[in-house]
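Notes for the one structure printed next.
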Amino acid sequence: MPLKTLKQDTAETLTLEWVLHVRNYKLTLNKNLCVGCEICALACPKEAIRLEKQPKALGVKAKHAKIDIDLEKCNFCGICDILCPYGAIKVTVTGEHILSVVEKESFPELIRDIQVDTSKCPVDCVECEEACPLDLIKITQLTADGKFVENIDSLTEKEKTGLQIKIDIEKERCPCCRICEFNCPKGVLQVRKFIHGKISIRPEKCPEGCTDCLDVCPILGALYLSDEDEQVHVNEMFCIYCGTCKVVCPVDEALELKRTMVNHTPVHSGAWNKALERLTSPVEMTKELKTKGSLKARESVRKRLGWKGK
Amino acid sequence: MAEEEIQKKSKTEAPRIGVFVCECGSNIQSMMDVEDLTRYAKTLPNVVYAEHMNYPCSRQGQEKIIDAIKKRGLNRVVVAGCSPRIYEAIFRRCVSRASLNPWLFEMANIREFSFYCHQKTPEEAAKKAKDIMKMAVAKARLLEPLQPIELPVTKKVMVIGGGIAGISAALDLADMGFKVYLVEKTETIGGHMALLDKTFPTLDCSICIEGPKMVDVGRHPNIEIISYADILKVDGYAGNFKVKIQKNPRYIIAANCTGCGECRDACPIEYPNPADMKLGVRKAISVPFDQAVPLIYTINKDYCIECYKCVDACGARQAINFDQKPEEVEVNVGAIIVAIGYDMYNPEDMECYGYGKYENVFTALEFERLILAAGPTAGKVIRASDGQKPHSVAFLQCVGSRDINRYEYCTSFCCMYTLKHAVMLKEKYKDDVQVYVFYNDMRSNFKGYEEFFNRAQKSGVNFIRVKLENRRITEDAETKNLVVYAETEDGKPVKAETEMAVLANAAVPVQNATELAEILKIPVGTNGFFVECQPKIRPNETDTPGIFLAGACQGLKDIPFTVAHGSGAAAQAASILGKSKWIVEPLVARVNEDLCSGCGICESVCSYDAVRIEEIGGKNLAKVTEGLCRGCGICGGACPVGAITMPHYTSEQVVAQVRAVLEEVK
Ligand SMILES: Cc1cc2nc3c(=O)[nH]c(=O)nc-3n(C[C@H](O)[C@H](O)[C@H](O)COP(=O)(O)OP(=O)(O)OC[C@H]3O[C@@H](n4cnc5c(N)ncnc54)[C@H](O)[C@@H]3O)c2cc1C
Ligand code: SF4
Ligand code: SF4
């Protein structure tokens, strides 16, 4: 059987595949989870991912950009999978989610630092579960002997005191926006963002009545419409600097987004350094780096590894 | 030219022509009266002697000619008989043994031009034979002695293609003491043979035979392998070729790479390995297979993510250089051997076989990689659909070959490798596997091959003789089993249900063979393979002196024949390289500098770049490179002022021939 390279695009998913006799490489993009941020497109070392802005009709909310992946260029390295803040991309080899770039320490993993101390939880509190903008938190109560409580209201107060609280977070999909942490009355949750940066909006530059950025922001509360001036403002506390807003913003200079740091496992890798360079610099700069290409790469190898090529 | 002029021209030596008319066994004599032709010859101007002979080409015949030259004081000789293609050279040597300049000889081809083509009209044929002889004599009267041209010889050779053909040729020449540049397109030498498991009819391991030879090539002090390279340009002529080669970047500094493979182990990226027919994978930094020669790693930048893990792994050896650029090198060689082998036809377009559609249909080379212990499945023959060993396998012969709509020729080695595959399956899995071969003819016609066919039959392989047309394969969508349908020669339908099918797909000319042919200026046949000078007795030579063919690129051959052909090409090349001077026939264009106006028309019409305008003594003049000129005469015809003559085919000589034949008509 000859090598088959397949690409399938449905309403729900985009899948790319190499089917070899001995192995099967597969990339699946879950379109319901993708928010159209620019992280994967910036990070892909093969420049295989393209963002497609969606046309905007008058009077309707803006739609986030869609991504398309070039089967000719993709080599199933899984870097997009690693860096997607929303866990929208999975790369598997023969069905197993083992990423060689991680195993060989050729690319770091994001650190999703989420500390949970449920001992402080009030038994019937569901604040965090309700606050999570992506519905990733599930709270369950267990009796002392480990039984799952169906209906908490049916318990007596005494029974309630012996309950154990369990908070399940779908960590792989969590962008670490910290909204749960801020909504928790007891300080049970402690979340550290994995992307740090700076975002600002200059309302004077915004077209009148434009709320495109707010329309597409996946983190409810990171952007808001101010009652005072009826314009969009930032709540930097919750922004995860994914860039979904930046992609759709129709004018230059109205929205500025800069990533300054990514929290990741330690690694010594040229691919990561380059990804970081692209993630932390504005898009324009990224383009320039790409054109400078190998010269730049050579410079950076020299700096990073003290390697002296001829 | 007027009669007195001819007499004047040969004043110093009036032409004394001898004509020898050949019966050609029973050929010519069977139709015309050779004695009458001989009598006729005697009537022609300046003919002082004519003789009726049988086989002047034989040793005795040649002695008779020499005798006549000496006794009768002949200074021009005409043989009327067969085509000059083969015998002209022999007669030239013959007359020179009688101290006559070899260019004072002319042949009248009355066999091909008269006897062969006018079988039904013997009288007219005889008349035409006389005309042909008359023309030859007319030319002979004007022949001039010519001196051969001597050119220096570069005692180095280039072999293009490092398959078993190129390897054999390179080793032979290197052992003879010549410097060899072996230019290979891919990362390693070895060609197809390096990808095979076992070889028919002995079933010995392919890489175990070829591997040591590859190593010998790698170590030989006289061989320089230029791998991962393309031929850009070839200039020059036999004895003096100048070749421009591009070495493509491996991103590895060859001198520093020890071939340890630590980089490969560190690299996270895999891509489908063409050497495994893409059934398996290799790393972004790797070698195509472990026995690669030269053992230098290569980074495939199409897949590499530039993580530099390999740089870390390579460490102090510092063999990796991401900035490597293509490099051009130039070599001078005296001869070139072309050994670029073949490619495989992709049968996806023959929908009846379902290749590319049904998971368990394979090509022969894929099967070869499956059964190979060092292959992607570690030698397990398994189905693509479920990874299970098949209990029945069908082999279909002549897929694409012997098909007038695709490749009319027979690929020649598929019958034998199918027997090999069938025997290997049967001997490995015994009764646990049923093997069917849907064939039309079993071509097992060389040493030990028929015996191997018998071995296959005895091992329990089912041979089913069918028509090549109307075969098809269908698949059970659930079990992924296949059904092969065919028709016997007398039209009866046959079918077999099997768990795997293997197609003996045609071998075809290398994809860019035509491009290379253009660079080398050698002809390509209608079937896409390079054309030899003469299919029977000059199978290694091309029409371009100094360029030879070896192996499957000339026509498909199995390994034993390829090796012999490679050695043949080596011997032919050595016959040039071993000479101190390369002698060229003096049939090259001559420029009359007094007439030449330097207009450059000749330069624009020459297909061989043999004539160029150069400034000579402050004047633009046409200059002929003797080694390149093939004597075609196009420039002579195109020159508006008649400044170019073609020795031995001068205008006077040709016009005299035309006059002679027209006279007869009158
Ligand atoms: C499935 C299968 C099984 C077979 N089994 C057997 C067997 O058991 N026994 C047997 O006797 N024969 C067998 N054969 C036939 C055998 O493969 C050939 O006889 C042999 O490989 C021919 O050798 P070659 O050197 O002429 O060509 P190749 O092996 O094709 O080598 C040609 C070389 O030239 C290189 N090249 C191509 N183009 C260029 C270029 N432009 N510039 C520089 N280099 C170039 C190629 O990369 C290659 O290295 C089998 C063939 C197949 C398909
Ligand atoms: S490049 Fe370096 S690490 Fe790789 S095989 Fe060569 S020497 Fe070894
Ligand atoms: S830099 Fe490229 S070749 Fe080297 S280890 Fe990383 S992916 Fe592999």
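By convention here, the chains of the structure tokens are called A, B, ... in the order presented, each chain's residues are numbered starting at 1, and ligands are numbered starting at 1 in the order presented.
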
Compile the contact shell of Ala394 in chain B as a short mmCIF file (atom, residue, chain, number, x, y, z; two decimals) with N, CA, C and O atoms, in the first residue's frame: residues with an atom at most 6 Å away, counting only C-alpha atoms, same-chain residues fewer than 6 positions apart removed.
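Saved file part01.cif follows:
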```cif
data_model
loop_
_atom_site.label_atom_id
_atom_site.label_comp_id
_atom_site.auth_asym_id
_atom_site.auth_seq_id
_atom_site.Cartn_x
_atom_site.Cartn_y
_atom_site.Cartn_z
N VAL B 435 -0.09 -19.75 -2.26
CA VAL B 435 0.47 -18.74 -3.16
C VAL B 435 -0.04 -18.98 -4.59
O VAL B 435 0.01 -20.09 -5.09
N TYR B 436 -0.57 -17.94 -5.20
CA TYR B 436 -1.07 -18.00 -6.58
C TYR B 436 -0.28 -17.03 -7.43
O TYR B 436 -0.06 -15.90 -7.02
N VAL B 437 0.13 -17.50 -8.62
CA VAL B 437 0.80 -16.59 -9.54
C VAL B 437 -0.03 -16.52 -10.82
O VAL B 437 -0.19 -17.52 -11.52
N ALA B 501 -2.36 -9.13 -2.21
CA ALA B 501 -1.98 -9.24 -3.62
C ALA B 501 -0.74 -8.40 -3.86
O ALA B 501 -0.56 -7.35 -3.25
#
```

**OP:** At a cut-off of 7 Å, list the chain B residues touching chain A, using only C-alpha atoms, as an NGL selection string.
**Re:** :B and (266 or 268-269 or 278-280 or 303 or 305-309 or 321 or 323 or 355-356 or 359-362 or 376-377 or 384)

Subject >> Surrounding residues as a ChimeraX atom specification, ligand 2, max 6 Å, only C-alpha atoms and all ligand atoms >> reply: /B:257-263,297,313-314,317,319-320

Original post:
If we count only C-alpha atoms, what is near Asp490 in chain B at a cut-off of 12 Å, once residues fewer than 5 positions away on the same chain are taken out, given as a ChimeraX atom specification?
Top reply: /B:465-467

Grab the residues selected above and save them as a PDB file, in the first residue's frame with N, CA, C and O atoms.
```pdb
ATOM      1  N   ARG B 465      -2.056 -19.820 -15.554  1.00  0.00           N
ATOM      2  CA  ARG B 465      -1.751 -19.111 -16.792  1.00  0.00           C
ATOM      3  C   ARG B 465      -3.012 -18.408 -17.294  1.00  0.00           C
ATOM      4  O   ARG B 465      -4.021 -19.038 -17.539  1.00  0.00           O
ATOM      5  N   VAL B 466      -2.912 -17.095 -17.435  1.00  0.00           N
ATOM      6  CA  VAL B 466      -4.103 -16.318 -17.808  1.00  0.00           C
ATOM      7  C   VAL B 466      -3.758 -15.299 -18.883  1.00  0.00           C
ATOM      8  O   VAL B 466      -2.601 -15.040 -19.176  1.00  0.00           O
ATOM      9  N   LYS B 467      -4.831 -14.705 -19.433  1.00  0.00           N
ATOM     10  CA  LYS B 467      -4.633 -13.574 -20.336  1.00  0.00           C
ATOM     11  C   LYS B 467      -4.268 -12.362 -19.487  1.00  0.00           C
ATOM     12  O   LYS B 467      -4.770 -12.211 -18.368  1.00  0.00           O
TER      13      LYS B 467
END
```

Subject >> Å distance separating atom 17 (O, counted along the ligand's line) of ligand 1 from CA of Glu450 in chain B, one decimal place >> reply: 19.4 Å

Subject >> Polymer residues at most 6 Å from Tyr485 in chain B, only C-alpha atoms, same-chain spacing of 2 or more positions, as number ranges by chain >> reply: B: 471-472, 494-495

Subject >> Surrounding residues of Arg111 in chain B excluding itself and chain neighbours under 3 positions, 7 Å, only C-alpha atoms, as a list in words >> reply: Ile28, Gly81, Cys82, Ser114, Phe115 and Tyr116 of chain B
